[in-house]
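Trainee: For reference, the file start.tsv (TSV, C-alpha atoms) is included below:
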```
chain	number	residue	atom	x	y	z
A	70	MET	CA	170.54	18.37	-67.37
A	71	THR	CA	168.55	16.13	-65.03
A	72	THR	CA	165.25	17.25	-63.54
A	73	GLN	CA	166.69	16.81	-60.07
A	74	THR	CA	169.57	19.20	-60.76
A	75	LEU	CA	167.23	21.77	-62.24
A	76	LEU	CA	164.92	21.48	-59.22
A	77	LEU	CA	167.89	21.90	-56.88
A	78	PHE	CA	168.97	25.07	-58.68
A	79	LEU	CA	165.39	26.35	-58.66
A	80	GLY	CA	165.20	25.66	-54.91
A	81	MET	CA	168.48	27.50	-54.30
A	82	GLY	CA	167.25	30.34	-56.49
A	83	VAL	CA	163.91	30.63	-54.67
A	84	LEU	CA	165.59	30.59	-51.24
A	85	THR	CA	168.05	33.26	-52.32
A	86	TYR	CA	165.24	35.36	-53.77
A	87	ILE	CA	163.11	35.11	-50.62
A	88	SER	CA	166.02	36.19	-48.41
A	89	ARG	CA	166.63	39.22	-50.65
A	90	ARG	CA	162.98	40.24	-50.89
A	91	ALA	CA	161.98	39.57	-47.26
A	92	PHE	CA	162.71	42.92	-45.62
A	93	LEU	CA	163.25	44.98	-48.74
A	94	ARG	CA	160.11	46.98	-48.09
A	95	LEU	CA	158.71	47.55	-44.66
A	96	PRO	CA	155.99	50.18	-44.15
A	97	SER	CA	157.80	53.40	-43.22
A	98	LYS	CA	155.62	53.92	-40.13
A	99	HIS	CA	157.76	51.23	-38.49
A	100	PHE	CA	160.84	53.44	-38.73
A	101	SER	CA	161.33	55.44	-35.53
A	102	PRO	CA	164.30	57.88	-35.56
A	103	ARG	CA	166.15	55.55	-33.25
A	104	LEU	CA	165.49	52.57	-35.50
A	105	LYS	CA	166.66	54.65	-38.48
A	106	ASN	CA	169.90	55.44	-36.68
A	107	GLY	CA	170.36	51.73	-36.01
A	108	LEU	CA	169.63	50.93	-39.67
A	109	SER	CA	172.17	53.52	-40.79
A	110	PHE	CA	174.82	51.58	-38.88
A	111	ILE	CA	174.06	48.22	-40.55
A	112	PRO	CA	176.13	48.97	-43.69
A	113	LEU	CA	179.17	49.57	-41.46
A	114	GLY	CA	178.85	46.08	-40.00
A	115	ILE	CA	178.23	44.50	-43.40
A	116	PHE	CA	181.17	46.28	-45.03
A	117	ALA	CA	183.45	45.44	-42.08
A	118	SER	CA	182.43	41.82	-42.31
A	119	LEU	CA	183.07	41.67	-46.05
A	120	ILE	CA	186.44	43.44	-45.73
A	121	PHE	CA	188.25	42.25	-42.60
A	122	PRO	CA	188.08	38.46	-43.08
A	123	SER	CA	189.32	38.89	-46.66
A	124	LEU	CA	192.37	40.69	-45.25
A	125	PHE	CA	193.08	38.57	-42.18
A	126	VAL	CA	191.76	35.07	-42.88
A	127	GLN	CA	193.16	32.73	-45.48
A	128	SER	CA	192.35	29.01	-45.77
A	129	GLY	CA	190.99	28.90	-42.25
A	130	SER	CA	193.87	30.59	-40.43
A	131	PHE	CA	194.71	34.08	-39.26
A	132	VAL	CA	197.23	35.85	-41.51
A	133	ILE	CA	198.86	39.25	-41.73
A	134	GLN	CA	199.42	40.19	-45.36
A	135	PRO	CA	201.42	43.44	-45.41
A	136	LEU	CA	200.77	44.06	-49.11
A	137	LEU	CA	196.98	43.91	-48.68
A	138	LEU	CA	197.08	46.03	-45.51
A	139	ILE	CA	199.17	48.73	-47.19
A	140	ALA	CA	196.93	48.63	-50.27
A	141	SER	CA	193.90	49.02	-47.98
A	142	LEU	CA	195.42	52.09	-46.36
A	143	VAL	CA	196.30	53.45	-49.80
A	144	CYS	CA	192.69	52.88	-50.86
A	145	LEU	CA	191.33	54.81	-47.85
A	146	GLY	CA	194.03	57.49	-48.23
A	147	VAL	CA	193.24	58.11	-51.91
A	148	MET	CA	189.56	58.15	-50.96
A	149	ALA	CA	190.20	60.79	-48.28
A	150	LEU	CA	192.14	62.96	-50.72
A	151	SER	CA	190.16	62.52	-53.91
A	152	LYS	CA	186.70	61.24	-52.83
A	153	ASN	CA	186.88	59.25	-56.04
A	154	VAL	CA	185.80	55.60	-55.78
A	155	PHE	CA	187.24	54.63	-59.18
A	156	LEU	CA	190.62	56.17	-58.50
A	157	SER	CA	190.90	54.55	-55.04
A	158	PHE	CA	189.79	51.19	-56.41
A	159	GLY	CA	192.17	51.41	-59.38
A	160	VAL	CA	195.25	52.62	-57.49
A	161	SER	CA	194.97	50.11	-54.63
A	162	LEU	CA	194.09	47.13	-56.85
A	163	GLY	CA	196.81	48.18	-59.30
A	164	LEU	CA	199.34	48.19	-56.48
A	165	VAL	CA	198.38	44.65	-55.45
A	166	VAL	CA	198.42	43.33	-59.03
A	167	VAL	CA	201.76	44.97	-59.90
A	168	VAL	CA	203.43	43.55	-56.78
A	169	SER	CA	201.77	40.13	-57.22
A	170	LEU	CA	203.06	39.89	-60.78
A	171	GLY	CA	206.55	40.71	-59.54
A	172	LEU	CA	206.77	43.84	-61.71
A	173	PHE	CA	207.87	45.77	-58.69
A	174	SER	CA	210.30	44.34	-56.18
A	175	TRP	CA	208.71	44.35	-52.76
B	57	MET	CA	163.07	59.07	-74.74
B	58	LYS	CA	165.14	62.17	-75.39
B	59	ASN	CA	163.14	64.32	-73.00
B	60	ALA	CA	163.64	61.85	-70.13
B	61	SER	CA	167.20	63.01	-69.50
B	62	PRO	CA	167.32	62.31	-65.72
B	63	SER	CA	166.48	58.65	-66.24
B	64	THR	CA	168.74	58.39	-69.29
B	65	SER	CA	171.63	59.70	-67.22
B	66	SER	CA	170.69	57.29	-64.41
B	67	TRP	CA	171.07	54.42	-66.86
B	68	THR	CA	174.46	55.64	-68.05
B	69	GLU	CA	175.70	56.46	-64.57
B	70	GLY	CA	174.62	53.04	-63.34
B	71	LEU	CA	176.58	51.36	-66.11
B	72	ILE	CA	179.69	53.49	-65.45
B	73	ASP	CA	179.55	53.10	-61.66
B	74	SER	CA	179.23	49.33	-61.95
B	75	LEU	CA	182.03	48.95	-64.53
B	76	PRO	CA	184.86	47.82	-62.19
B	77	ILE	CA	182.57	45.33	-60.48
B	78	THR	CA	181.14	44.08	-63.77
B	79	ALA	CA	184.71	43.32	-64.85
B	80	SER	CA	185.32	41.47	-61.58
B	81	TYR	CA	182.03	39.58	-61.98
B	82	ILE	CA	183.08	38.40	-65.44
B	83	ILE	CA	186.35	37.07	-64.01
B	84	TYR	CA	184.71	35.45	-60.99
B	85	GLY	CA	181.84	34.13	-63.11
B	86	ALA	CA	184.46	32.53	-65.35
B	87	ILE	CA	186.16	30.97	-62.33
B	88	PHE	CA	182.81	29.65	-61.16
B	89	GLY	CA	182.14	28.18	-64.60
B	90	MET	CA	185.53	26.49	-64.55
B	91	LEU	CA	185.16	25.08	-61.02
B	92	ALA	CA	181.59	23.95	-61.66
B	93	GLY	CA	182.89	22.05	-64.66
B	94	GLN	CA	185.51	20.39	-62.47
B	95	ALA	CA	182.75	19.58	-59.96
B	96	GLY	CA	181.03	17.59	-62.70
B	97	LEU	CA	178.38	20.05	-63.89
B	98	THR	CA	177.79	20.35	-67.64
B	99	SER	CA	178.09	23.76	-69.32
B	100	TRP	CA	174.32	24.13	-69.41
B	101	GLU	CA	173.99	23.22	-65.75
B	102	SER	CA	176.64	25.75	-64.73
B	103	ILE	CA	174.99	28.51	-66.76
B	104	ALA	CA	171.52	27.55	-65.47
B	105	MET	CA	172.84	27.80	-61.92
B	106	SER	CA	174.18	31.33	-62.54
B	107	VAL	CA	170.95	32.40	-64.26
B	108	LEU	CA	168.62	30.95	-61.61
B	109	VAL	CA	170.53	31.36	-58.34
B	110	TYR	CA	172.71	34.42	-59.08
B	111	SER	CA	174.64	34.26	-55.82
B	112	GLY	CA	178.40	33.72	-55.92
B	113	ALA	CA	178.67	32.45	-52.35
B	114	SER	CA	175.84	29.92	-52.71
B	115	GLN	CA	177.04	28.77	-56.12
B	116	PHE	CA	180.66	28.19	-55.12
B	117	ALA	CA	179.55	26.37	-51.98
B	118	GLY	CA	176.84	24.46	-53.87
B	119	SER	CA	179.13	23.26	-56.64
B	120	SER	CA	181.81	22.11	-54.20
B	121	LEU	CA	179.12	20.21	-52.25
B	122	ILE	CA	177.91	18.66	-55.51
B	123	ALA	CA	181.50	17.59	-56.20
B	124	GLU	CA	181.58	15.93	-52.74
B	125	GLN	CA	178.29	14.15	-53.54
B	126	ALA	CA	176.63	15.92	-50.61
B	127	SER	CA	172.89	15.46	-50.10
B	128	VAL	CA	170.40	17.91	-51.57
B	129	TRP	CA	169.43	18.96	-48.05
B	130	ALA	CA	173.01	19.82	-47.14
B	131	ILE	CA	173.15	22.09	-50.19
B	132	ILE	CA	169.79	23.70	-49.35
B	133	LEU	CA	170.84	24.27	-45.72
B	134	THR	CA	174.15	25.84	-46.79
B	135	THR	CA	172.27	28.11	-49.20
B	136	CYS	CA	169.95	29.22	-46.34
B	137	LEU	CA	172.90	30.03	-44.07
B	138	LEU	CA	174.73	31.96	-46.77
B	139	ASN	CA	171.55	33.90	-47.53
B	140	LEU	CA	170.92	35.12	-43.98
B	141	ARG	CA	172.97	38.23	-44.65
B	142	HIS	CA	170.47	39.37	-47.29
B	143	PHE	CA	167.83	39.91	-44.60
B	144	LEU	CA	169.93	42.69	-43.11
B	145	MET	CA	170.97	44.14	-46.45
B	146	GLY	CA	167.33	44.34	-47.52
B	147	LEU	CA	166.37	45.90	-44.19
B	148	SER	CA	169.12	48.49	-44.29
B	149	ILE	CA	168.40	49.61	-47.86
B	150	SER	CA	164.60	49.36	-47.48
B	151	PRO	CA	164.08	53.10	-46.76
B	152	HIS	CA	165.25	53.74	-50.33
B	153	TYR	CA	162.74	51.25	-51.75
B	154	GLN	CA	159.67	52.81	-50.08
B	155	ARG	CA	158.78	54.86	-53.13
B	156	PHE	CA	158.78	51.94	-55.58
B	157	SER	CA	155.73	49.88	-56.55
B	158	THR	CA	155.39	46.34	-55.22
B	159	ALA	CA	156.05	44.93	-58.68
B	160	GLN	CA	159.26	46.96	-58.94
B	161	VAL	CA	160.45	45.80	-55.52
B	162	ASN	CA	159.59	42.20	-56.38
B	163	GLY	CA	161.65	42.46	-59.55
B	164	LEU	CA	164.63	44.32	-58.12
B	165	ALA	CA	164.93	41.96	-55.12
B	166	PHE	CA	166.37	39.25	-57.36
B	167	PHE	CA	169.43	41.40	-58.08
B	168	LEU	CA	170.37	42.30	-54.48
B	169	THR	CA	173.97	41.05	-54.30
B	170	ASP	CA	176.64	42.33	-51.88
B	171	GLU	CA	178.16	44.51	-54.57
B	172	GLN	CA	174.88	45.82	-55.98
B	173	TYR	CA	173.89	46.70	-52.41
B	174	ALA	CA	177.16	48.59	-51.87
B	175	LEU	CA	176.94	50.51	-55.17
B	176	THR	CA	173.27	51.50	-54.88
B	177	LEU	CA	173.53	52.39	-51.18
B	178	ASN	CA	176.43	54.68	-51.99
B	179	ARG	CA	174.44	56.41	-54.74
B	180	PHE	CA	171.38	56.95	-52.54
B	181	ARG	CA	173.41	58.66	-49.82
B	182	HIS	CA	173.23	61.84	-51.87
B	183	ARG	CA	170.67	61.16	-54.59
B	184	GLU	CA	167.05	60.14	-54.53
B	185	SER	CA	166.60	56.44	-55.23
B	186	ASP	CA	165.40	55.60	-58.72
B	187	VAL	CA	164.59	52.39	-60.54
B	188	PRO	CA	166.63	53.07	-63.72
B	189	TYR	CA	169.86	53.41	-61.72
B	190	ILE	CA	169.30	50.22	-59.70
B	191	LEU	CA	168.23	48.36	-62.81
B	192	SER	CA	171.22	49.41	-64.90
B	193	VAL	CA	173.68	48.42	-62.14
B	194	SER	CA	171.78	45.16	-61.65
B	195	VAL	CA	171.57	44.17	-65.30
B	196	ALA	CA	175.25	45.01	-65.91
B	197	LEU	CA	176.34	42.84	-62.95
B	198	TYR	CA	173.93	40.02	-63.81
B	199	ALA	CA	175.07	39.97	-67.43
B	200	GLY	CA	178.70	40.01	-66.26
B	201	TRP	CA	178.14	37.06	-63.92
B	202	CYS	CA	176.18	34.92	-66.40
B	203	GLY	CA	178.42	35.86	-69.33
B	204	GLY	CA	181.49	35.17	-67.22
B	205	THR	CA	180.11	31.74	-66.29
B	206	TRP	CA	179.66	30.95	-69.97
B	207	ILE	CA	183.24	32.05	-70.71
B	208	GLY	CA	184.49	29.86	-67.86
B	209	THR	CA	182.68	26.77	-69.12
B	210	ALA	CA	184.01	27.39	-72.62
B	211	ALA	CA	187.57	28.34	-71.68
B	212	GLY	CA	187.99	25.61	-69.07
B	213	ALA	CA	191.45	25.59	-67.57
B	214	TRP	CA	192.70	28.61	-69.53
B	215	ILE	CA	191.50	31.06	-66.91
B	216	PRO	CA	194.53	32.21	-64.87
B	217	ASP	CA	194.42	31.78	-61.12
B	218	PRO	CA	193.11	35.14	-59.86
B	219	ALA	CA	194.87	34.70	-56.51
B	220	SER	CA	198.28	34.76	-58.21
B	221	LEU	CA	197.31	38.04	-59.89
B	222	GLY	CA	196.07	39.56	-56.65
B	223	LEU	CA	192.60	40.01	-58.13
B	224	GLY	CA	190.97	38.68	-54.99
B	225	PHE	CA	191.61	42.16	-53.66
B	226	SER	CA	189.22	43.73	-56.20
B	227	PHE	CA	186.09	43.21	-54.08
B	228	THR	CA	187.92	44.30	-50.92
B	229	ALA	CA	189.12	47.49	-52.64
B	230	MET	CA	185.61	48.33	-53.83
B	231	PHE	CA	184.03	47.66	-50.43
B	232	LEU	CA	186.72	49.74	-48.72
B	233	ALA	CA	186.27	52.70	-51.06
B	234	LEU	CA	182.50	52.59	-50.54
B	235	ALA	CA	182.81	52.04	-46.78
B	236	TYR	CA	184.85	55.23	-46.55
B	237	TYR	CA	181.67	57.33	-46.76
B	238	GLN	CA	180.21	55.43	-43.82
B	239	LEU	CA	183.12	56.34	-41.52
B	240	SER	CA	181.85	59.84	-40.77
B	241	SER	CA	182.25	59.89	-36.98
B	242	LEU	CA	184.48	58.37	-34.32
B	243	LEU	CA	181.65	56.14	-33.15
B	244	ARG	CA	181.18	54.86	-36.68
B	245	ILE	CA	184.90	54.16	-37.09
B	246	PHE	CA	184.82	52.36	-33.75
B	247	ALA	CA	181.79	50.30	-34.83
B	248	PHE	CA	183.52	49.48	-38.13
B	249	LEU	CA	186.70	48.22	-36.42
B	250	LEU	CA	184.75	46.32	-33.75
B	251	CYS	CA	182.56	44.60	-36.35
B	252	GLY	CA	185.64	43.80	-38.44
B	253	ALA	CA	187.44	42.20	-35.49
B	254	ALA	CA	184.28	40.30	-34.53
B	255	SER	CA	183.90	39.02	-38.11
B	256	VAL	CA	187.48	37.76	-38.24
B	257	PHE	CA	186.93	35.90	-34.97
B	258	LEU	CA	183.49	34.62	-36.02
B	259	SER	CA	184.79	33.30	-39.33
B	260	PHE	CA	186.68	30.66	-37.33
B	261	VAL	CA	183.73	29.56	-35.22
B	262	VAL	CA	180.51	29.87	-37.24
B	263	PRO	CA	179.60	28.75	-40.79
B	264	ASN	CA	180.11	31.07	-43.78
B	265	GLY	CA	177.39	33.66	-44.17
B	266	LEU	CA	176.70	34.05	-40.46
B	267	PRO	CA	179.53	36.52	-39.62
B	268	VAL	CA	178.00	39.15	-41.92
B	269	LEU	CA	174.61	38.73	-40.25
B	270	ILE	CA	176.04	38.94	-36.74
B	271	ALA	CA	178.29	41.91	-37.56
B	272	GLY	CA	175.32	43.71	-39.13
B	273	CYS	CA	173.23	43.11	-35.99
B	274	LEU	CA	176.11	44.30	-33.80
B	275	ALA	CA	176.41	47.51	-35.85
B	276	PHE	CA	172.64	48.00	-35.64
B	277	ALA	CA	172.74	47.61	-31.86
B	278	ILE	CA	175.51	50.22	-31.55
B	279	GLY	CA	173.53	52.69	-33.67
B	280	TYR	CA	170.28	51.92	-31.87
B	281	PHE	CA	171.46	52.05	-28.26
B	282	TRP	CA	174.10	54.73	-28.64
B	283	PRO	CA	172.62	57.53	-30.75
B	284	THR	CA	175.30	60.08	-31.61
B	285	GLN	CA	174.99	63.83	-31.03
B	286	GLU	CA	174.73	64.55	-34.72
B	287	ASP	CA	172.04	61.94	-35.18
B	288	GLY	CA	170.32	63.20	-32.03
B	289	ASP	CA	170.06	66.68	-33.55
B	290	GLN	CA	168.63	65.17	-36.67
B	291	THR	CA	166.11	63.33	-34.52
B	292	ALA	CA	165.12	66.56	-32.77
B	293	ALA	CA	164.72	68.29	-36.13
B	294	GLU	CA	162.54	65.46	-37.38
B	295	GLU	CA	160.40	65.65	-34.27
B	296	THR	CA	159.98	69.39	-34.74
B	297	ARG	CA	158.88	68.81	-38.29
B	298	GLY	CA	156.48	66.19	-37.03
B	299	VAL	CA	154.94	68.68	-34.62
B	300	GLU	CA	154.65	71.32	-37.31
B	301	SER	CA	152.92	69.03	-39.69
B	302	ALA	CA	150.59	67.76	-36.96
```
Would you encode the structure as structure tokens?

Mentor:
Amino acid sequence: MTTQTLLLFLGMGVLTYISRRAFLRLPSKHFSPRLKNGLSFIPLGIFASLIFPSLFVQSGSFVIQPLLLIASLVCLGVMALSKNVFLSFGVSLGLVVVVSLGLFSW
Amino acid sequence: MKNASPSTSSWTEGLIDSLPITASYIIYGAIFGMLAGQAGLTSWESIAMSVLVYSGASQFAGSSLIAEQASVWAIILTTCLLNLRHFLMGLSISPHYQRFSTAQVNGLAFFLTDEQYALTLNRFRHRESDVPYILSVSVALYAGWCGGTWIGTAAGAWIPDPASLGLGFSFTAMFLALAYYQLSSLLRIFAFLLCGAASVFLSFVVPNGLPVLIAGCLAFAIGYFWPTQEDGDQTAAEETRGVESA
């Protein structure tokens, strides 16, 4: 391993660390109720942004993938009925894998 | 430490809760190890990258840039862009880190990945935050990612294409299941759909890593400028408490 490569990885590591640490602890006096309400909405935006492009964007173009959309609804449906993260994860991923492998004619 | 049962159970629960994602991390770590090898990195370099950087997005982007002989500065800039989302993740989970010592926060910050964020945030909705839980989730995922990378460098081209197995859906399924708890009011469902649509659009026009940041800011703005009735009551209750204690 060359020194330059190691330095590059260290640089990437330090940058990543700084971005993770930066706002991880702000003094709580900065948190007004309104700010807290705003903060409680951030996960929604982050989850939406991690989920939707993975469903609708593939190799730079907009796609509708019925299997993934149905599996997503199944995931939320099982969640609504069971409130069990593992079960919802397992059932919806299982559905996608079974259909992808061609074990179940679509 | 038999008498420390709460923390012992936190350790175990952390391991169990992170199990599906640890499995996914092993697979994706292996894919990274394989691709990094194709990009010209040696086994040790690939493993060092996983150990030091520990960020899937930055590592996949970085190794493909290395393969294209991109400049060091292009790689650093890409890493910065991809990392912008962590600012918001840190900010949104920071209320749960208030009770930890500075040394603990400094240590735990290294492990703040998208999935660790999702798992720990979900736990702290109904339980008090504790270091053992975060640490056990973190170490399980970190070990999965680094171990997976090692497997990938060793196994080379034997790793099956996860897309053909539909395994790409594993992260989506986990995020969806965890997002369910966030969809507790019509306004929140609206914000979720709006941010999702915005992210899909943004992914065509801005570099990777930025859509998450922008969607997070958008969600924050909705929550900040449009406080819901339920949250308003909570606010009133908090203010009353404030008066009482004053």

Trainee: Residues of chain B were defined as contacting chain A if any atom lay at most 6 Å from it, counting only C-alpha atoms; please report them as an MDAnalysis selection string.

Mentor: chainID B and resid 105 108:109 139 142:143 146:148 150 165:166 221:222 226 228:230 233 248 251:252 255:256 268 271:272 275:276 279:280 291

Trainee: Rounded to one decimal, what separation in Å do you get between atom CA of B:Ile82 and atom CA of B:Cys202?

Mentor: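 Going from atom CA of B:Ile82 over to atom CA of B:Cys202, I get 7.8 Å.
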
Trainee: Nearest to B:Asp73 among B:Ala277, B:Leu266, B:Leu164, B:Leu197, with distances taken over only C-alpha atoms: which residue is it?

Mentor: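 Among B:Ala277, B:Leu266, B:Leu164, B:Leu197, it is B:Leu197 that comes nearest to B:Asp73.
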
Trainee: I'd like the interatomic distance between atom CA of B:Gly96 and atom CA of B:Phe227, to a tenth of an Å.

Mentor: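 Going from atom CA of B:Gly96 over to atom CA of B:Phe227, I get 27.5 Å.
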
Trainee: Choose the residue, out of B:Glu101, B:Leu140, B:Tyr189, B:Thr169, that has the smallest atom-to-atom separation from B:Gly265; count all atoms listed in the file.

Mentor: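 Distance minimum relative to B:Gly265 lands on B:Leu140.
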
Trainee: Edge lengths and centre in Å to one decimal, as JSON, is what I'm after for the box along x, y and z that holds all listed atoms of stretch 129-141 of chain A once 8 Å is added on each side.

Mentor:
```
{"center_x": 196.2, "center_y": 39.0, "center_z": -44.8, "size_x": 26.4, "size_y": 36.1, "size_z": 27.0}
```

Trainee: What is the distance between atom CA of A:Gln127 and atom CA of B:Gly224, in Å to one decimal?

Mentor: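 If I compute the distance from atom CA of A:Gln127 to atom CA of B:Gly224, I get 11.4 Å.
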
Trainee: Could you check the closest approach to B:Ser74 for each of B:Asn178, B:Gln115, B:Gln154, B:Ser106 and tell me which residue wins, using all atoms listed in the file?

Mentor: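 Distance minimum relative to B:Ser74 lands on B:Asn178.
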